[in-house]
Amino acid sequence: MTAERPGRAWVRPLRLWCGLILFAYLLTHFSNHALGLISLRAMETGRLWFLALWRNPVGETLLFGALLVHWLLGLWLLYRRRTLRMPLWEATQIIFGLAVPPLLVFHIVGTRLANAMYGTEDLYTRVVLFLWVDPWNFYRQTTLFVIAWTHGCMGLHFWLRFRGWYPRFFPLVLSAFVLVPVLGYLGFAEAGREVSALAREPGFVQRLMVETRTPSPEQRATLVRVRDGLGYSTWGLLLLTLLARGVREYLSPRQATVRVSYPDGRSVAVPVGSTVLEASRSAGIPHASVCGGRGRCSTCRIRVSGDPGLPPASPQELRVLQRVGAPPNVRLACQLRPSRDLAVTPLIQVAVSTGAAPASSAAHHGQEREIAVLFADLRGFTRLAEHKLPYDVVFFLNRYFEAVGTAIAEAGGIANQYTGDGVMALFGVETAPETACRQALRAAAGMVARVQEFSRSFGAELESPLRLGVGIHTGTVVVGEMGYGDTRYLTAVGDTVHVASRLEALTKEYQCELVVSEQVLSRAGLAGADYPRHELTVRNREAPLRVAVVAEARGLAAQIPADHARAGG
Ligand code: FES
C-alpha cells in the first residue's frame with residue numbers, strides 16, 4: 001500500500017531498524033519493571049544496568065534518533081498513502097505507532113529532561129511513588145506502554161510471519177508478547193506496594209525529594225512549558241500531515257491519472273504514483289494482501305496484460321517474485337506504480353468481483369496449461385468435528401486453512417478451493433511445469449510442518465496429533481475463472497485434478513504423508529528418488545500410472561536440487 005518509489009526503497013528497512021531499536025528499549029524497560037517482583041532494590045540495581053545500556057552518548061543517539069526517524073517516516077508514509085482504506089489490523093498498527101511520541105513527551109520530560117536540566121535522579125522509588133499516588137498519571141503511562149508494546153509486537157509479527165521458522169516458534173513468541181508486559185506491570189505493582197509502605201514512614205518523602213533533587217516549583221513550571229510545547233508540536237505535526245493529505249487529495253483531480261482495468265470489466269482511475277493495490281482498494285475491489293502491502297508475501301501478485309511499459313521492479317520486489325518463480329509479466333500489486341494505463345489479473349484471490357458483469361478475459365474462458373495440482377486432507381477430522389461445537393469447528397478450520405494456505409502461497413502456489421477440511425492448490429499458473437512441480441513438493445513439506453505445529457498448539461484438546469495426507473499430480477488442464485458475480489474464482493478442470501485427488505485419498509491406504517506421480521518427480525528433477533513405487537489404473541489412460549509413496553514429505557523436498565532452491569524453482 002505504501003510502497004516506495006524506486007530510489008526510496010530505503011524507507012522501510014530504515015524504519016524497521018529504528019523500530020527494532022525501540023522494541024529492544026521497551027523490552028529492557030519492561031524487564032527492569034519485572035524485577036520489582038523480586039524487590040524494589042533489585043529494580044534499582046536493574047536500573048543501573050538499564051542506564052548503562054541506554055543513557056550514554058551512543059545509546060541515547062540510537063534511542064532518540066530511532067524514535068524521531070521511526071515517527072517521521074511513519075508520518076511520511078501516512079502522507080504518501082493514496083487511500084486510507086486498509087484492513088483493521090493495519091489501521092490499528094498505524095494509529096498506535098503515530099500516537100506514541102505525543103504521549104511519550106510527558107515521560108521523557110519528567111525523567112530524562114529533568115535529569116539533564118536539573119540533575120533530578122529518576123530513581124524507581126521516586127517515579128513509582130509519583131505514579132502510584134497520581135492515578136491519572138498512572139493510567140496515561142499504562143496506556144502509553146500498552147500502545148507502544150502492541151505496535152511493536154504487531155510490527156515484529158508482520159515482519160517475521162513469512163520466515164520459514166516463525167510458525168514453529170509462534171507459540172513461544174506469542175507467550176513472550178503477553179508475558180513481558182504482564183510481568184512488567186506485576187513488578188511495578190509490587191514496587192508500588194513497597195514504596196507506599198515506605199512513604200508512610202515519617203520524613204521519607206521529604207528525604208526522597210531532596211536526595212533525588214526533585215525540581216523546585218519554578219523548575220517544574222519550566223518543565224511543564226517544555227512538555228506542553230513538545231506535546232502540542234507533535235500533535236500539531238500529526239494534524240498537519242493529515243491536513244497535507246487532505247489538500248493533496250483536494251487538488252488531485254488536476255493530477256495526471258492512470259487507469260487500471262480488471263478481468264471483470266471494471267476499471268479504476270487513480271493518480272499517477274498510486275500502486276495497483278491502492279487502485280483496487282480505492283475502488284473496493286477485493287485484492288489479497290496478506291502482508292499489508294509491504295512487499296513480503298507475494299499474495300497481491302498480478303498478471304499484467306500487453307506491454308504497458310512498466311517501471312522496473314525494485315530489488316525487494318524482484319527478490320519476492322524470484323522466490324515464487326514468477327514470469328516477467330507478473331508483478332506485485334503493492335509495489336507496482338504504473339505510469340500508463342494497464343490491464344491486470346489478480347492471481348491470488350477468491351472473490352474477484354462485486355458486480356455481476358460477465359467477465360471477458362481469457363482467464364474467464366479458460367486456458368490450457370500444464371500445471372501441478374495438489375490435494376490435501378486432514379486425517380480423522382470428521383471424528384474430531386463430532387465432539388466439537390460448530391463455532392469451535394469454524395475456528396479450528398480457519399486456523400488450519402491459514403496454516404496450509406500460507407505454506408502454499410510461500411511456495412508460489414494458489415490455494416483455490418477449501419472444502420470441508422480439504423484443500424486444492426494449483427502450481428504453474430504463472431510458471432513452467434518443472435518449477436510448478438518443485439513448488440508443489442515444497443508446499444507439501446511446508447503444509448505438513450505447519451499442520452504439525454498447529455496440532456501441537458492445540459495440545460491436550462486433540463486425542464491424537466493431526467496428520468495431513470497430500471497427493472500431487474501434473475498434467476494438462478484448463479485453467480480459468482469459474483462461478484458468477486461475487487463468487488468467481490480461479491480453478492482447474494481436467495483429469496489431472498481427479499488423479500491428484502485420488503493420490504491424496506491413497507495416503508490413507510499407504511499410511512504416508514504424500515503420494516506423488518512419477519511425472520511430478522521427473523519434472524522436479526527427482527526421477528531417481530528412492531521411494532516405494534506402485535502402479536494404478538487411471539481413467540482415460542491406457543498405461544498404468546506409477547506413483548511414489550513418500551512417508552515424509554520433508555525428506556523428499558530436501559532432495560530438490562540446490563540450484564533450484566534460490567529462484568523459487
Ligand atoms: S501485499 Fe504482500 S507482497 Fe504485496
# chains A, B, ... in the order shown; residues from 1 in each chain; ligands from 1
call {"tool": "select_by_dssp", "arguments": {"residues": "stretch 396-518 of chain A", "states": "strand (DSSP E)", "output": "MDAnalysis selection string"}}
result
chainID A and resid 414:419 422:427 468:482 489:493 514:517
call {"tool": "closest_atom_pairs", "arguments": {"of": "chain A", "to": "ligand 1", "cutoff": "7 Å", "atoms": "only C-alpha atoms and all ligand atoms", "output": "Markdown table"}}
result
| residue | atom | partner | partner_atom_place_in_ligand_line | distance |
| --- | --- | --- | --- | --- |
| A:Ala288 | CA | ligand 1 | 1 (S) | 6.7 |
| A:Ser289 | CA | ligand 1 | 1 (S) | 3.5 |
| A:Val290 | CA | ligand 1 | 2 (Fe) | 5.3 |
| A:Cys291 | CA | ligand 1 | 2 (Fe) | 4.1 |
| A:Gly292 | CA | ligand 1 | 1 (S) | 5.0 |
| A:Gly293 | CA | ligand 1 | 1 (S) | 3.6 |
| A:Arg294 | CA | ligand 1 | 2 (Fe) | 5.4 |
| A:Gly295 | CA | ligand 1 | 3 (S) | 3.4 |
| A:Arg296 | CA | ligand 1 | 3 (S) | 4.4 |
| A:Cys297 | CA | ligand 1 | 2 (Fe) | 3.9 |
| A:Ser298 | CA | ligand 1 | 3 (S) | 3.9 |
| A:Thr299 | CA | ligand 1 | 2 (Fe) | 5.4 |
| A:Cys300 | CA | ligand 1 | 4 (Fe) | 4.5 |
| A:Arg301 | CA | ligand 1 | 4 (Fe) | 6.6 |
| A:Leu332 | CA | ligand 1 | 4 (Fe) | 5.4 |
| A:Ala333 | CA | ligand 1 | 4 (Fe) | 5.9 |
| A:Cys334 | CA | ligand 1 | 4 (Fe) | 4.4 |
| A:Gln335 | CA | ligand 1 | 4 (Fe) | 6.6 |
call {"tool": "closest_residue", "arguments": {"among": "A:Glu463, A:Glu201, A:Asp228, A:Glu190", "to": "A:Phe106", "atoms": "only C-alpha atoms"}}
result
A:Asp228
call {"tool": "residues_around", "arguments": {"residues": "A:Met209", "least_positions_apart": "5", "cutoff": "10 Å", "atoms": "only C-alpha atoms", "output": "short mmCIF file (atom, residue, chain, number, x, y, z; two decimals) with N, CA and C atoms, in the first residue's frame"}}
result
data_model
loop_
_atom_site.label_atom_id
_atom_site.label_comp_id
_atom_site.auth_asym_id
_atom_site.auth_seq_id
_atom_site.Cartn_x
_atom_site.Cartn_y
_atom_site.Cartn_z
N THR A 120 17.92 15.87 38.30
CA THR A 120 16.93 15.05 39.03
C THR A 120 17.19 13.56 38.77
N GLU A 121 17.27 12.81 39.85
CA GLU A 121 17.52 11.36 39.73
C GLU A 121 16.19 10.64 39.55
N ARG A 126 11.26 7.03 43.29
CA ARG A 126 10.61 8.33 43.10
C ARG A 126 9.51 8.23 42.02
N PHE A 204 10.08 10.31 55.09
CA PHE A 204 10.64 9.56 53.95
C PHE A 204 10.49 10.35 52.63
N THR A 214 14.52 16.74 43.40
CA THR A 214 13.22 16.99 42.75
C THR A 214 13.14 18.47 42.36
N PRO A 215 12.72 18.79 41.16
CA PRO A 215 12.69 20.19 40.70
C PRO A 215 11.85 21.08 41.61
N SER A 216 12.31 22.32 41.77
CA SER A 216 11.56 23.32 42.55
C SER A 216 10.31 23.71 41.75
#
call {"tool": "residues_around", "arguments": {"residues": "A:Ala445", "least_positions_apart": "2", "cutoff": "12 Å", "atoms": "only C-alpha atoms", "output": "MDAnalysis selection string"}}
result
chainID A and resid 164 374 376 404 407:408 410:411 438:443 447:452 468:472 513:514 550:560
call {"tool": "write_last_selection", "arguments": {"atoms": "C-alpha atoms", "output": "tab-separated table (two decimals), in the first residue's frame"}}
result
chain	number	residue	atom	x	y	z
A	164	GLY	CA	10.08	-20.44	7.47
A	374	LEU	CA	-2.12	-30.62	-5.10
A	376	ALA	CA	-4.57	-32.22	0.88
A	404	VAL	CA	-1.83	-24.58	4.92
A	407	ALA	CA	2.56	-22.71	3.12
A	408	ILE	CA	1.04	-22.88	-0.37
A	410	GLU	CA	5.02	-19.23	0.30
A	411	ALA	CA	5.89	-21.99	-2.15
A	438	ARG	CA	9.17	-28.35	-7.32
A	439	GLN	CA	6.92	-25.69	-5.79
A	440	ALA	CA	4.19	-28.26	-5.14
A	441	LEU	CA	6.65	-30.63	-3.41
A	442	ARG	CA	7.96	-27.80	-1.23
A	443	ALA	CA	4.41	-26.74	-0.45
A	447	MET	CA	1.96	-27.78	4.85
A	448	VAL	CA	2.84	-30.91	6.80
A	449	ALA	CA	5.23	-28.90	9.02
A	450	ARG	CA	2.62	-26.22	9.66
A	451	VAL	CA	-0.08	-28.75	10.46
A	452	GLN	CA	2.25	-30.47	12.94
A	468	LEU	CA	-2.12	-34.41	6.68
A	469	GLY	CA	-2.35	-36.52	3.53
A	470	VAL	CA	-1.20	-34.90	0.27
A	471	GLY	CA	-1.49	-36.03	-3.33
A	472	ILE	CA	0.26	-34.31	-6.26
A	513	GLU	CA	2.20	-38.14	4.14
A	514	LEU	CA	2.47	-37.90	0.37
A	550	VAL	CA	6.54	-40.88	0.48
A	551	ALA	CA	6.43	-41.39	4.22
A	552	GLU	CA	7.83	-37.91	5.00
A	553	ALA	CA	7.19	-35.02	2.60
A	554	ARG	CA	10.02	-33.01	4.10
A	555	GLY	CA	12.61	-35.65	3.22
A	556	LEU	CA	11.56	-35.54	-0.44
A	557	ALA	CA	11.53	-31.73	-0.63
A	558	ALA	CA	15.03	-31.67	0.85
A	559	GLN	CA	16.27	-33.62	-2.18
A	560	ILE	CA	15.21	-30.93	-4.68
call {"tool": "atom_distance", "arguments": {"atom1": "atom CA of A:Leu490", "atom2": "atom CA of A:Arg502"}}
result
21.1 Å
call {"tool": "closest_residue", "arguments": {"among": "A:Cys512, A:Val195, A:Leu75, A:Cys153", "to": "A:Val180", "atoms": "only C-alpha atoms"}}
result
A:Cys153
call {"tool": "residues_around", "arguments": {"residues": "A:Ile371", "least_positions_apart": "4", "cutoff": "10 Å", "atoms": "only C-alpha atoms", "output": "list in words"}}
result
Leu426, Phe427, Gly428, Val429, Glu430, Thr431, Ala432, Pro433, Glu434, Thr435, Ala436, Cys437, Ala440, His473, Thr474, Gly475, Thr476, Val477, Val478, Val479, Ala492, Thr496, Val497 and Val520 of chain A
call {"tool": "write_last_selection", "arguments": {"atoms": "N, CA and C atoms", "output": "mmCIF file, in the first residue's frame"}}
result
data_model
loop_
_atom_site.group_PDB
_atom_site.id
_atom_site.type_symbol
_atom_site.label_atom_id
_atom_site.label_comp_id
_atom_site.auth_asym_id
_atom_site.auth_seq_id
_atom_site.Cartn_x
_atom_site.Cartn_y
_atom_site.Cartn_z
ATOM 1 N N LEU A 426 -3.115 -24.977 -6.903
ATOM 2 C CA LEU A 426 -2.571 -25.050 -8.254
ATOM 3 C C LEU A 426 -1.169 -24.454 -8.273
ATOM 4 N N PHE A 427 -0.274 -25.104 -8.995
ATOM 5 C CA PHE A 427 1.092 -24.602 -9.159
ATOM 6 C C PHE A 427 1.380 -24.588 -10.650
ATOM 7 N N GLY A 428 1.904 -23.467 -11.138
ATOM 8 C CA GLY A 428 2.278 -23.420 -12.547
ATOM 9 C C GLY A 428 1.346 -22.556 -13.373
ATOM 10 N N VAL A 429 0.412 -21.848 -12.709
ATOM 11 C CA VAL A 429 -0.452 -20.928 -13.449
ATOM 12 C C VAL A 429 0.423 -19.824 -14.036
ATOM 13 N N GLU A 430 1.512 -19.534 -13.328
ATOM 14 C CA GLU A 430 2.385 -18.453 -13.792
ATOM 15 C C GLU A 430 3.790 -18.950 -14.124
ATOM 16 N N THR A 431 4.052 -20.241 -13.905
ATOM 17 C CA THR A 431 5.441 -20.706 -14.064
ATOM 18 C C THR A 431 5.511 -21.936 -14.961
ATOM 19 N N ALA A 432 6.753 -22.344 -15.272
ATOM 20 C CA ALA A 432 6.963 -23.547 -16.089
ATOM 21 C C ALA A 432 6.601 -24.790 -15.277
ATOM 22 N N PRO A 433 6.231 -25.902 -15.961
ATOM 23 C CA PRO A 433 5.819 -27.112 -15.225
ATOM 24 C C PRO A 433 6.889 -27.635 -14.279
ATOM 25 N N GLU A 434 8.181 -27.512 -14.675
ATOM 26 C CA GLU A 434 9.262 -28.015 -13.797
ATOM 27 C C GLU A 434 9.251 -27.244 -12.476
ATOM 28 N N THR A 435 9.153 -25.932 -12.607
ATOM 29 C CA THR A 435 9.110 -25.085 -11.411
ATOM 30 C C THR A 435 7.875 -25.431 -10.585
ATOM 31 N N ALA A 436 6.752 -25.609 -11.316
ATOM 32 C CA ALA A 436 5.490 -25.893 -10.631
ATOM 33 C C ALA A 436 5.603 -27.149 -9.769
ATOM 34 N N CYS A 437 6.236 -28.200 -10.319
ATOM 35 C CA CYS A 437 6.332 -29.466 -9.575
ATOM 36 C C CYS A 437 7.209 -29.303 -8.340
ATOM 37 N N ALA A 440 5.231 -27.437 -5.777
ATOM 38 C CA ALA A 440 4.194 -28.265 -5.140
ATOM 39 C C ALA A 440 4.812 -29.177 -4.079
ATOM 40 N N HIS A 473 -0.183 -34.381 -8.610
ATOM 41 C CA HIS A 473 -0.025 -34.898 -9.968
ATOM 42 C C HIS A 473 0.146 -33.708 -10.900
ATOM 43 N N THR A 474 0.747 -33.963 -12.050
ATOM 44 C CA THR A 474 0.906 -32.873 -13.025
ATOM 45 C C THR A 474 0.364 -33.314 -14.374
ATOM 46 N N GLY A 475 -0.109 -32.373 -15.144
ATOM 47 C CA GLY A 475 -0.644 -32.689 -16.464
ATOM 48 C C GLY A 475 -1.355 -31.473 -17.032
ATOM 49 N N THR A 476 -1.937 -31.662 -18.201
ATOM 50 C CA THR A 476 -2.608 -30.536 -18.858
ATOM 51 C C THR A 476 -4.039 -30.412 -18.342
ATOM 52 N N VAL A 477 -4.403 -29.185 -18.005
ATOM 53 C CA VAL A 477 -5.767 -28.902 -17.527
ATOM 54 C C VAL A 477 -6.223 -27.604 -18.193
ATOM 55 N N VAL A 478 -7.487 -27.301 -18.012
ATOM 56 C CA VAL A 478 -7.956 -25.984 -18.443
ATOM 57 C C VAL A 478 -8.054 -25.125 -17.184
ATOM 58 N N VAL A 479 -7.311 -24.019 -17.188
ATOM 59 C CA VAL A 479 -7.312 -23.118 -16.030
ATOM 60 C C VAL A 479 -8.146 -21.906 -16.391
ATOM 61 N N ALA A 492 -9.029 -25.194 -11.890
ATOM 62 C CA ALA A 492 -8.541 -26.027 -12.991
ATOM 63 C C ALA A 492 -9.516 -27.175 -13.197
ATOM 64 N N THR A 496 -6.266 -34.455 -14.659
ATOM 65 C CA THR A 496 -5.150 -34.273 -13.715
ATOM 66 C C THR A 496 -5.682 -33.968 -12.316
ATOM 67 N N VAL A 497 -6.754 -33.209 -12.270
ATOM 68 C CA VAL A 497 -7.328 -32.823 -10.979
ATOM 69 C C VAL A 497 -7.874 -34.064 -10.268
ATOM 70 N N VAL A 520 5.535 -36.008 -11.731
ATOM 71 C CA VAL A 520 5.896 -34.870 -10.867
ATOM 72 C C VAL A 520 7.365 -34.992 -10.468
#
call {"tool": "atom_distance", "arguments": {"atom1": "atom CA of A:Tyr118", "atom2": "atom CA of A:Val69"}}
result
27.4 Å
call {"tool": "atom_distance", "arguments": {"atom1": "atom CA of A:Arg369", "atom2": "atom CA of A:Arg533"}}
result
27.0 Å
call {"tool": "residues_around", "arguments": {"residues": "A:Ile21", "least_positions_apart": "5", "cutoff": "9 Å", "atoms": "only C-alpha atoms", "output": "PyMOL selection string"}}
result
chain A and resi 16+26+62-63+66-67
call {"tool": "residues_around", "arguments": {"residues": "A:Phe375", "least_positions_apart": "4", "cutoff": "8 Å", "atoms": "only C-alpha atoms", "output": "ChimeraX atom specification"}}
result
/A:422-425,470-472,500-501,504
call {"tool": "write_last_selection", "arguments": {"atoms": "N, CA, C and O atoms", "output": "compact mmCIF listing (two decimals), in the first residue's frame"}}
result
# COMPACT_ATOMS: atom_id res chain seq x y z
N GLY A 422 -10.59 -30.23 3.28
CA GLY A 422 -9.72 -30.48 2.13
C GLY A 422 -9.29 -29.18 1.46
O GLY A 422 -9.99 -28.16 1.52
N VAL A 423 -8.12 -29.23 0.84
CA VAL A 423 -7.58 -28.05 0.16
C VAL A 423 -7.10 -28.50 -1.22
O VAL A 423 -6.51 -29.56 -1.36
N MET A 424 -7.40 -27.66 -2.21
CA MET A 424 -6.84 -27.91 -3.54
C MET A 424 -5.98 -26.71 -3.90
O MET A 424 -6.35 -25.58 -3.62
N ALA A 425 -4.81 -26.97 -4.46
CA ALA A 425 -3.93 -25.85 -4.82
C ALA A 425 -3.34 -26.09 -6.20
O ALA A 425 -3.13 -27.24 -6.61
N VAL A 470 -1.32 -35.77 1.45
CA VAL A 470 -1.20 -34.90 0.27
C VAL A 470 -0.99 -35.75 -0.98
O VAL A 470 -0.22 -36.72 -0.96
N GLY A 471 -1.69 -35.38 -2.04
CA GLY A 471 -1.49 -36.03 -3.33
C GLY A 471 -1.12 -34.98 -4.37
O GLY A 471 -1.71 -33.90 -4.38
N ILE A 472 -0.14 -35.29 -5.23
CA ILE A 472 0.26 -34.31 -6.26
C ILE A 472 0.40 -35.01 -7.60
O ILE A 472 1.03 -36.07 -7.71
N ALA A 500 -4.99 -36.23 -9.01
CA ALA A 500 -4.35 -35.68 -7.79
C ALA A 500 -5.22 -35.97 -6.58
O ALA A 500 -4.72 -36.33 -5.50
N SER A 501 -6.52 -35.83 -6.76
CA SER A 501 -7.44 -36.09 -5.65
C SER A 501 -7.37 -37.56 -5.23
O SER A 501 -7.38 -37.90 -4.04
N GLU A 504 -4.26 -38.28 -3.26
CA GLU A 504 -4.41 -37.82 -1.87
C GLU A 504 -5.16 -38.87 -1.05
O GLU A 504 -4.76 -39.22 0.07
